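What follows is the content of data-v3.cif, which has mmCIF, C-alpha atoms:
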```
data_structure
#
loop_
_atom_site.group_PDB
_atom_site.id
_atom_site.type_symbol
_atom_site.label_atom_id
_atom_site.label_comp_id
_atom_site.auth_asym_id
_atom_site.auth_seq_id
_atom_site.Cartn_x
_atom_site.Cartn_y
_atom_site.Cartn_z
ATOM 1 C CA MET A 265 0.000 0.000 0.000
ATOM 2 C CA ILE A 266 2.842 2.389 0.812
ATOM 3 C CA ASP A 267 4.402 1.656 -2.591
ATOM 4 C CA ALA A 268 1.049 2.370 -4.260
ATOM 5 C CA LEU A 269 0.904 5.699 -2.427
ATOM 6 C CA ALA A 270 4.417 6.562 -3.581
ATOM 7 C CA MET A 271 3.594 5.729 -7.202
ATOM 8 C CA THR A 272 0.450 7.868 -7.016
ATOM 9 C CA ALA A 273 2.529 10.735 -5.632
ATOM 10 C CA SER A 274 4.988 10.248 -8.511
ATOM 11 C CA SER A 275 2.096 10.450 -10.984
ATOM 12 C CA MET A 276 0.983 13.718 -9.366
ATOM 13 C CA SER A 277 4.530 15.071 -9.692
ATOM 14 C CA GLU A 278 4.382 14.314 -13.412
ATOM 15 C CA ASP A 279 1.083 16.187 -13.594
ATOM 16 C CA MET A 280 2.759 19.176 -11.948
ATOM 17 C CA LEU A 281 5.496 19.070 -14.590
ATOM 18 C CA ARG A 282 2.875 18.913 -17.321
ATOM 19 C CA LEU A 283 0.940 21.836 -15.815
ATOM 20 C CA ALA A 284 4.106 23.943 -15.673
ATOM 21 C CA THR A 285 4.914 23.034 -19.284
ATOM 22 C CA ILE A 286 1.414 23.875 -20.522
ATOM 23 C CA SER A 287 1.425 27.186 -18.625
ATOM 24 C CA HIS A 288 4.766 28.107 -20.230
ATOM 25 C CA ASN A 289 3.413 27.236 -23.679
ATOM 26 C CA LEU A 290 0.275 29.327 -23.176
ATOM 27 C CA ALA A 291 2.319 32.287 -21.947
ATOM 28 C CA ASN A 292 4.264 32.221 -25.243
ATOM 29 C CA ALA A 293 1.359 31.558 -27.604
ATOM 30 C CA THR A 294 1.955 34.939 -29.296
ATOM 31 C CA THR A 295 5.778 34.951 -29.124
ATOM 32 C CA PRO A 296 7.275 34.907 -32.653
ATOM 33 C CA GLY A 297 9.076 31.674 -33.474
ATOM 34 C CA PHE A 298 8.330 30.064 -30.105
ATOM 35 C CA LYS A 299 8.319 26.242 -30.069
ATOM 36 C CA ARG A 300 6.128 24.466 -27.563
ATOM 37 C CA ASP A 301 7.570 22.146 -24.954
ATOM 38 C CA ILE A 302 6.293 18.590 -24.548
ATOM 39 C CA ALA A 303 6.493 16.989 -21.111
ATOM 40 C CA LEU A 304 7.866 13.458 -21.385
ATOM 41 C CA TYR A 305 6.285 10.552 -19.566
ATOM 42 C CA GLY A 306 7.009 6.904 -19.036
ATOM 43 C CA ARG A 307 8.835 7.463 -15.744
ATOM 44 C CA LEU A 308 6.021 5.820 -13.770
ATOM 45 C CA ALA A 309 6.019 2.746 -15.999
ATOM 46 C CA GLN A 310 9.803 2.458 -15.650
ATOM 47 C CA THR A 311 9.479 2.879 -11.899
ATOM 48 C CA MET A 312 6.888 0.097 -11.673
ATOM 49 C CA GLN A 313 9.148 -2.251 -13.652
ATOM 50 C CA GLY A 314 12.024 -1.405 -11.321
ATOM 51 C CA LEU A 315 9.762 -1.928 -8.306
ATOM 52 C CA GLU A 316 8.733 -5.389 -9.479
ATOM 53 C CA ALA A 317 12.349 -6.374 -10.137
ATOM 54 C CA ALA A 318 13.477 -5.059 -6.761
ATOM 55 C CA GLN A 319 10.662 -6.789 -4.879
ATOM 56 C CA SER A 320 11.435 -10.096 -6.578
ATOM 57 C CA ALA A 321 15.008 -9.660 -5.305
ATOM 58 C CA GLY A 322 13.823 -8.798 -1.818
ATOM 59 C CA MET A 323 14.738 -5.095 -2.118
ATOM 60 C CA ARG A 324 12.800 -1.845 -2.038
ATOM 61 C CA ALA A 325 12.694 0.238 -5.211
ATOM 62 C CA SER A 326 12.839 4.026 -5.376
ATOM 63 C CA ILE A 327 9.795 5.820 -6.767
ATOM 64 C CA ALA A 328 11.555 9.098 -7.493
ATOM 65 C CA GLY A 329 12.163 10.157 -11.097
ATOM 66 C CA ASP A 330 13.640 13.092 -12.986
ATOM 67 C CA ALA A 331 11.450 15.574 -14.841
ATOM 68 C CA SER A 332 12.112 15.880 -18.575
ATOM 69 C CA SER A 333 10.679 17.486 -21.670
ATOM 70 C CA LYS A 334 11.497 17.992 -25.324
ATOM 71 C CA ILE A 335 10.906 20.740 -27.873
ATOM 72 C CA ASP A 336 8.272 20.440 -30.584
ATOM 73 C CA GLN A 337 10.129 21.864 -33.593
ATOM 74 C CA GLN A 338 7.111 21.835 -35.892
ATOM 75 C CA GLY A 339 6.996 25.082 -37.868
ATOM 76 C CA GLY A 340 4.489 27.804 -37.094
ATOM 77 C CA SER A 341 2.420 29.753 -39.601
ATOM 78 C CA LEU A 342 3.782 32.971 -41.104
ATOM 79 C CA ARG A 343 2.307 36.436 -40.713
ATOM 80 C CA VAL A 344 2.997 39.512 -42.794
ATOM 81 C CA THR A 345 4.622 42.445 -40.997
ATOM 82 C CA GLY A 346 5.819 44.542 -43.915
ATOM 83 C CA ASN A 347 9.042 45.294 -41.996
ATOM 84 C CA ALA A 348 12.060 44.803 -44.266
ATOM 85 C CA PHE A 349 14.155 43.598 -41.312
ATOM 86 C CA ASP A 350 11.706 40.848 -40.326
ATOM 87 C CA VAL A 351 12.702 37.491 -41.815
ATOM 88 C CA ALA A 352 10.863 34.188 -41.348
ATOM 89 C CA LEU A 353 12.121 30.674 -42.006
ATOM 90 C CA GLU A 354 10.039 28.220 -44.011
ATOM 91 C CA GLY A 355 11.171 24.653 -43.360
ATOM 92 C CA ALA A 356 13.750 23.243 -40.982
ATOM 93 C CA GLY A 357 16.718 25.256 -39.795
ATOM 94 C CA PHE A 358 17.850 28.076 -37.509
ATOM 95 C CA PHE A 359 19.432 31.489 -37.755
ATOM 96 C CA GLU A 360 22.882 31.458 -36.159
ATOM 97 C CA LEU A 361 23.795 34.290 -33.783
ATOM 98 C CA ALA A 362 27.176 35.340 -32.398
ATOM 99 C CA GLY A 363 26.423 34.813 -28.713
ATOM 100 C CA PRO A 364 28.827 36.159 -26.060
ATOM 101 C CA GLU A 365 29.817 32.613 -25.066
ATOM 102 C CA GLY A 366 29.582 30.958 -28.450
ATOM 103 C CA PRO A 367 27.070 30.367 -31.246
ATOM 104 C CA MET A 368 23.371 30.598 -30.413
ATOM 105 C CA TYR A 369 20.436 29.618 -32.597
ATOM 106 C CA THR A 370 16.943 30.999 -33.084
ATOM 107 C CA ARG A 371 13.829 30.911 -35.229
ATOM 108 C CA GLN A 372 12.890 34.474 -34.286
ATOM 109 C CA GLY A 373 13.668 36.710 -37.239
ATOM 110 C CA ASP A 374 12.665 40.107 -35.819
ATOM 111 C CA PHE A 375 15.995 41.741 -36.645
ATOM 112 C CA HIS A 376 17.124 45.374 -36.711
ATOM 113 C CA LEU A 377 20.257 47.485 -37.129
ATOM 114 C CA ASP A 378 22.139 48.539 -34.024
ATOM 115 C CA ALA A 379 24.051 51.811 -33.584
ATOM 116 C CA ARG A 380 27.091 50.292 -35.310
ATOM 117 C CA GLY A 381 25.105 49.232 -38.364
ATOM 118 C CA GLN A 382 25.204 45.535 -37.495
ATOM 119 C CA LEU A 383 22.229 43.287 -38.113
ATOM 120 C CA VAL A 384 21.151 42.029 -34.682
ATOM 121 C CA ASN A 385 18.236 40.170 -33.119
ATOM 122 C CA ALA A 386 15.679 41.701 -30.763
ATOM 123 C CA THR A 387 18.086 41.519 -27.802
ATOM 124 C CA GLY A 388 21.078 42.929 -29.689
ATOM 125 C CA ILE A 389 22.981 39.730 -30.528
ATOM 126 C CA PRO A 390 24.652 39.885 -33.978
ATOM 127 C CA VAL A 391 23.156 37.783 -36.759
ATOM 128 C CA MET A 392 25.722 35.614 -38.504
ATOM 129 C CA GLY A 393 26.234 35.534 -42.233
ATOM 130 C CA THR A 394 28.178 32.927 -44.181
ATOM 131 C CA GLY A 395 31.131 35.331 -44.066
ATOM 132 C CA GLY A 396 30.763 36.509 -40.479
ATOM 133 C CA GLU A 397 28.677 39.211 -38.803
ATOM 134 C CA ILE A 398 26.508 41.301 -41.137
ATOM 135 C CA SER A 399 27.110 45.060 -41.384
ATOM 136 C CA LEU A 400 24.795 47.348 -43.351
ATOM 137 C CA LEU A 401 24.767 51.034 -44.278
ATOM 138 C CA GLY A 402 21.034 51.545 -43.936
ATOM 139 C CA GLY A 403 20.145 51.473 -47.626
ATOM 140 C CA GLU A 404 17.211 49.700 -49.271
ATOM 141 C CA LEU A 405 17.274 46.133 -47.953
ATOM 142 C CA LYS A 406 16.265 43.017 -49.855
ATOM 143 C CA VAL A 407 16.601 39.440 -48.609
ATOM 144 C CA GLU A 408 16.242 36.665 -51.168
ATOM 145 C CA ARG A 409 14.657 33.299 -50.436
ATOM 146 C CA ASP A 410 18.098 31.661 -50.260
ATOM 147 C CA GLY A 411 19.330 34.171 -47.640
ATOM 148 C CA ARG A 412 21.329 36.507 -49.885
ATOM 149 C CA VAL A 413 21.216 40.062 -48.562
ATOM 150 C CA PHE A 414 21.171 43.009 -50.976
ATOM 151 C CA GLU A 415 21.540 46.678 -50.074
ATOM 152 C CA ASP A 416 20.649 49.192 -52.776
ATOM 153 C CA GLY A 417 20.813 46.368 -55.323
ATOM 154 C CA LYS A 418 24.265 45.135 -54.314
ATOM 155 C CA GLN A 419 24.822 41.844 -52.523
ATOM 156 C CA VAL A 420 26.546 42.509 -49.208
ATOM 157 C CA ALA A 421 26.065 39.261 -47.289
ATOM 158 C CA GLN A 422 24.197 35.990 -47.009
ATOM 159 C CA ILE A 423 22.341 35.039 -43.823
ATOM 160 C CA LYS A 424 23.709 31.832 -42.347
ATOM 161 C CA ILE A 425 21.144 29.067 -41.803
ATOM 162 C CA VAL A 426 22.083 25.858 -40.010
ATOM 163 C CA ASP A 427 20.253 22.706 -39.013
ATOM 164 C CA PHE A 428 20.773 19.807 -36.618
ATOM 165 C CA ALA A 429 20.247 16.076 -36.871
ATOM 166 C CA GLN A 430 18.174 16.228 -33.657
ATOM 167 C CA PRO A 431 16.782 19.764 -33.336
ATOM 168 C CA ASP A 432 14.370 18.699 -30.572
ATOM 169 C CA ALA A 433 17.410 17.987 -28.371
ATOM 170 C CA LEU A 434 18.603 21.608 -28.380
ATOM 171 C CA LEU A 435 18.593 23.473 -25.084
ATOM 172 C CA LYS A 436 16.351 26.489 -24.650
ATOM 173 C CA ALA A 437 18.393 29.470 -23.421
ATOM 174 C CA GLY A 438 15.590 32.037 -23.049
ATOM 175 C CA ASN A 439 14.492 34.906 -25.316
ATOM 176 C CA GLY A 440 13.855 32.495 -28.180
ATOM 177 C CA LEU A 441 17.459 31.280 -28.203
ATOM 178 C CA TYR A 442 18.815 27.742 -28.345
ATOM 179 C CA ALA A 443 22.186 26.274 -27.447
ATOM 180 C CA ALA A 444 23.656 23.052 -28.796
ATOM 181 C CA VAL A 445 24.453 20.295 -26.327
ATOM 182 C CA ALA A 446 27.833 18.564 -26.272
ATOM 183 C CA GLY A 447 28.264 16.463 -29.387
ATOM 184 C CA GLN A 448 25.726 18.393 -31.462
ATOM 185 C CA THR A 449 27.319 19.837 -34.579
ATOM 186 C CA PRO A 450 25.328 22.182 -36.825
ATOM 187 C CA LYS A 451 25.332 21.548 -40.529
ATOM 188 C CA ASP A 452 24.970 24.073 -43.317
ATOM 189 C CA ASP A 453 21.295 24.024 -44.259
ATOM 190 C CA ALA A 454 22.170 24.823 -47.879
ATOM 191 C CA THR A 455 23.589 21.296 -48.225
ATOM 192 C CA SER A 456 20.322 19.592 -47.209
ATOM 193 C CA ASP A 457 17.902 18.049 -49.688
ATOM 194 C CA GLN A 458 15.233 20.631 -48.783
ATOM 195 C CA PRO A 459 16.961 23.829 -47.637
ATOM 196 C CA ALA A 460 14.932 26.365 -45.713
ATOM 197 C CA GLN A 461 13.434 29.327 -47.551
ATOM 198 C CA LEU A 462 13.507 32.866 -46.139
ATOM 199 C CA ARG A 463 10.523 35.217 -46.314
ATOM 200 C CA GLN A 464 11.337 38.882 -45.918
ATOM 201 C CA GLY A 465 8.653 41.050 -44.308
ATOM 202 C CA HIS A 466 7.235 38.066 -42.409
ATOM 203 C CA LEU A 467 7.569 36.550 -38.943
ATOM 204 C CA GLU A 468 6.942 32.968 -37.894
ATOM 205 C CA ASN A 469 4.154 32.576 -35.362
ATOM 206 C CA SER A 470 4.413 30.366 -32.305
ATOM 207 C CA ASN A 471 3.455 26.737 -32.979
ATOM 208 C CA VAL A 472 1.344 26.728 -29.794
ATOM 209 C CA SER A 473 -2.371 26.080 -30.275
ATOM 210 C CA SER A 474 -4.100 27.811 -27.360
ATOM 211 C CA VAL A 475 -7.178 25.612 -27.782
ATOM 212 C CA ASN A 476 -5.174 22.374 -27.679
ATOM 213 C CA GLU A 477 -3.145 23.546 -24.702
ATOM 214 C CA MET A 478 -6.323 24.452 -22.796
ATOM 215 C CA VAL A 479 -7.696 20.962 -23.470
ATOM 216 C CA ARG A 480 -4.455 19.450 -22.141
ATOM 217 C CA LEU A 481 -4.656 21.748 -19.122
ATOM 218 C CA ILE A 482 -8.163 20.576 -18.247
ATOM 219 C CA GLU A 483 -7.250 16.912 -18.759
ATOM 220 C CA THR A 484 -4.213 17.263 -16.528
ATOM 221 C CA LEU A 485 -6.144 19.042 -13.780
ATOM 222 C CA ARG A 486 -8.790 16.317 -13.782
ATOM 223 C CA HIS A 487 -6.147 13.601 -13.626
ATOM 224 C CA PHE A 488 -4.401 15.393 -10.757
ATOM 225 C CA GLU A 489 -7.684 15.659 -8.861
ATOM 226 C CA SER A 490 -8.385 11.934 -9.379
ATOM 227 C CA GLN A 491 -4.945 11.104 -7.966
ATOM 228 C CA GLN A 492 -5.700 13.296 -4.955
ATOM 229 C CA LYS A 493 -8.844 11.266 -4.314
ATOM 230 C CA VAL A 494 -6.825 8.037 -4.536
ATOM 231 C CA ILE A 495 -4.431 9.292 -1.876
ATOM 232 C CA GLN A 496 -7.309 10.435 0.307
ATOM 233 C CA SER A 497 -8.909 6.989 0.024
ATOM 234 C CA TYR A 498 -5.626 5.267 0.952
ATOM 235 C CA ASP A 499 -5.251 7.655 3.882
ATOM 236 C CA GLU A 500 -8.703 6.767 5.157
ATOM 237 C CA VAL A 501 -7.970 3.032 4.833
ATOM 238 C CA LEU A 502 -4.662 3.406 6.667
ATOM 239 C CA ASP A 503 -6.377 5.385 9.393
ATOM 240 C CA ARG A 504 -8.959 2.618 9.894
ATOM 241 C CA VAL A 505 -6.238 -0.056 9.942
ATOM 242 C CA ILE A 506 -4.219 1.843 12.537
ATOM 243 C CA ARG A 507 -7.300 2.393 14.712
ATOM 244 C CA SER A 508 -8.194 -1.313 14.458
ATOM 245 C CA LEU A 509 -4.704 -2.331 15.486
ATOM 246 C CA GLY A 510 -4.905 0.063 18.410
ATOM 247 C CA ASP A 511 -8.053 -1.654 19.664
ATOM 248 C CA VAL A 512 -6.429 -5.094 19.637
#
```
Could you render the structure as structure tokens?
Amino acid sequence: MIDALAMTASSMSEDMLRLATISHNLANATTPGFKRDIALYGRLAQTMQGLEAAQSAGMRASIAGDASSKIDQQGGSLRVTGNAFDVALEGAGFFELAGPEGPMYTRQGDFHLDARGQLVNATGIPVMGTGGEISLLGGELKVERDGRVFEDGKQVAQIKIVDFAQPDALLKAGNGLYAAVAGQTPKDDATSDQPAQLRQGHLENSNVSSVNEMVRLIETLRHFESQQKVIQSYDEVLDRVIRSLGDV
């Protein structure tokens, strides 16, 4: 019975993780380029298998598990902004940025020029081109579908687009940025069979569906409440057992 209580508590912990994940997704439903998080499950099933194996060996298994999630890298829809510095990606891939501690990656293409004339993202991190950081003079800007950047009709740079074998394993670093984990090496998207296409004057919407997330929120709350009732029932049974033993 105690093991059943512990497994129920573990299930409730997973519900708490899912609630936190859903809340984070809903909070970023209108953030350009945001990718929803998916809470991963299966910890309870693994725990139960470990419990059975431990009990058969005369040991006690641990019910604790580690929270985990992954990123849903499905593309969002595009919306027209009319801003020449807004660039959206169609297809797989990421813009590469020159982060202070190494390369960073993003799907958010709301760029602008800083005081030095460098093309930067919304938080001021330089956007990388195939030849390094991109500097502009403020002339008429045109970005082709393949990433070539023209200023007053003259090509001055090409926006660097990279991709990963497992993009859902990237680490979120806040502000729409991603960092590669150890062993992840970006590849030039231009070498892929279906390279990404750039759309100037557009931004990619979040891939969060508010309706779907609300449905998941309600389902999770109901499941959490049902687990609470299970624990309450076990508590009542234990209380009766203890009282009965006290009367013996």
Quick one: distance from atom CA of Arg282 of chain A to atom CA of Thr484 of chain A in Å, one decimal?
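Between atom CA of Arg282 of chain A and atom CA of Thr484 of chain A the gap is 7.3 Å.
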Under the PyMOL selection byres ((chain A and resi 411-414) around 10), which residues of this model are included? Write them out as a ChimeraX atom specification.
/A:351,353,393-394,398,400,403-410,415-425,454,460-464
I'd like the neighbourhood of Met280 of chain A as a tab-separated table (two decimals) with C-alpha atoms, keeping the file's coordinate frame, where a residue qualifies if any of its atoms comes within 12 Å (using all atoms listed in the file), though same-chain residues fewer than 4 positions away should be ignored.
```
chain	number	residue	atom	x	y	z
A	273	ALA	CA	2.53	10.74	-5.63
A	274	SER	CA	4.99	10.25	-8.51
A	275	SER	CA	2.10	10.45	-10.98
A	276	MET	CA	0.98	13.72	-9.37
A	284	ALA	CA	4.11	23.94	-15.67
A	285	THR	CA	4.91	23.03	-19.28
A	286	ILE	CA	1.41	23.88	-20.52
A	287	SER	CA	1.42	27.19	-18.62
A	303	ALA	CA	6.49	16.99	-21.11
A	331	ALA	CA	11.45	15.57	-14.84
A	332	SER	CA	12.11	15.88	-18.58
A	481	LEU	CA	-4.66	21.75	-19.12
A	484	THR	CA	-4.21	17.26	-16.53
A	485	LEU	CA	-6.14	19.04	-13.78
A	487	HIS	CA	-6.15	13.60	-13.63
A	488	PHE	CA	-4.40	15.39	-10.76
A	489	GLU	CA	-7.68	15.66	-8.86
A	491	GLN	CA	-4.94	11.10	-7.97
```
Measuring atom to atom with only C-alpha atoms, identify which of A:Leu383, A:Ala352, A:Gly346, A:Pro450 is nearest to Tyr369 of chain A.
A:Pro450
Using the chain letters and residue numbers of this document, give as a short mmCIF file (atom, residue, chain, number, x, y, z; two decimals) with C-alpha atoms, keeping the file's coordinate frame the residues selected by the PyMOL selection byres ((chain A and resi 381) around 12).
```cif
data_model
loop_
_atom_site.label_atom_id
_atom_site.label_comp_id
_atom_site.auth_asym_id
_atom_site.auth_seq_id
_atom_site.Cartn_x
_atom_site.Cartn_y
_atom_site.Cartn_z
CA PHE A 375 16.00 41.74 -36.65
CA HIS A 376 17.12 45.37 -36.71
CA LEU A 377 20.26 47.48 -37.13
CA ASP A 378 22.14 48.54 -34.02
CA ALA A 379 24.05 51.81 -33.58
CA ARG A 380 27.09 50.29 -35.31
CA GLN A 382 25.20 45.54 -37.49
CA LEU A 383 22.23 43.29 -38.11
CA VAL A 384 21.15 42.03 -34.68
CA GLY A 388 21.08 42.93 -29.69
CA PRO A 390 24.65 39.88 -33.98
CA VAL A 391 23.16 37.78 -36.76
CA GLU A 397 28.68 39.21 -38.80
CA ILE A 398 26.51 41.30 -41.14
CA SER A 399 27.11 45.06 -41.38
CA LEU A 400 24.80 47.35 -43.35
CA LEU A 401 24.77 51.03 -44.28
CA GLY A 402 21.03 51.54 -43.94
CA GLY A 403 20.14 51.47 -47.63
#
```
Run the PyMOL selection byres ((chain A and resi 298) around 10) mentally over the shown coordinates, then write out the matched residues as a PyMOL selection string, using the chain letters and numbers from the document.
chain A and resi 289+292-297+299-301+335-337+339-340+370-372+439-441+468-472
How many Å lie between atom CA of Glu360 of chain A and atom CA of Met392 of chain A, rounded to one decimal?
5.6 Å
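Distance-wise, atom CA of Phe358 of chain A and atom CA of Asp453 of chain A end up 8.6 Å apart.
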Output, as lines of an AutoDock Vina configuration file, the centre and edge lengths in Å (one decimal) of the axis-aligned box that contains all listed atoms of segment 422-433 of chain A with 6 Å of margin on each side.
```
center_x = 19.3
center_y = 26.0
center_z = -37.7
size_x = 21.8
size_y = 31.9
size_z = 30.6
```
Missing atoms in segment 431-443 of chain A need filling: write out N, CA and C atoms for it as a CSV table (one decimal), keeping the file's coordinate frame.
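And here's result.csv as it stands now:
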```
chain,number,residue,atom,x,y,z
A,431,PRO,N,17.1,18.4,-33.8
A,431,PRO,CA,16.8,19.8,-33.3
A,431,PRO,C,16.0,19.8,-32.1
A,432,ASP,N,15.2,18.7,-31.8
A,432,ASP,CA,14.4,18.7,-30.6
A,432,ASP,C,15.2,18.5,-29.3
A,433,ALA,N,16.5,18.2,-29.5
A,433,ALA,CA,17.4,18.0,-28.4
A,433,ALA,C,18.2,19.3,-28.0
A,434,LEU,N,17.9,20.4,-28.7
A,434,LEU,CA,18.6,21.6,-28.4
A,434,LEU,C,18.1,22.1,-27.0
A,435,LEU,N,18.9,22.9,-26.4
A,435,LEU,CA,18.6,23.5,-25.1
A,435,LEU,C,18.0,24.9,-25.2
A,436,LYS,N,16.9,25.1,-24.6
A,436,LYS,CA,16.4,26.5,-24.6
A,436,LYS,C,17.2,27.4,-23.7
A,437,ALA,N,17.6,28.6,-24.2
A,437,ALA,CA,18.4,29.5,-23.4
A,437,ALA,C,17.7,30.8,-23.1
A,438,GLY,N,16.4,30.8,-23.3
A,438,GLY,CA,15.6,32.0,-23.0
A,438,GLY,C,15.6,33.0,-24.2
A,439,ASN,N,14.6,33.9,-24.3
A,439,ASN,CA,14.5,34.9,-25.3
A,439,ASN,C,14.5,34.3,-26.7
A,440,GLY,N,13.9,33.1,-26.9
A,440,GLY,CA,13.9,32.5,-28.2
A,440,GLY,C,15.2,31.9,-28.7
A,441,LEU,N,16.1,31.8,-27.8
A,441,LEU,CA,17.5,31.3,-28.2
A,441,LEU,C,17.6,29.8,-27.8
A,442,TYR,N,18.5,29.1,-28.6
A,442,TYR,CA,18.8,27.7,-28.3
A,442,TYR,C,20.3,27.6,-28.3
A,443,ALA,N,20.8,26.6,-27.5
A,443,ALA,CA,22.2,26.3,-27.4
A,443,ALA,C,22.3,24.8,-27.8
```
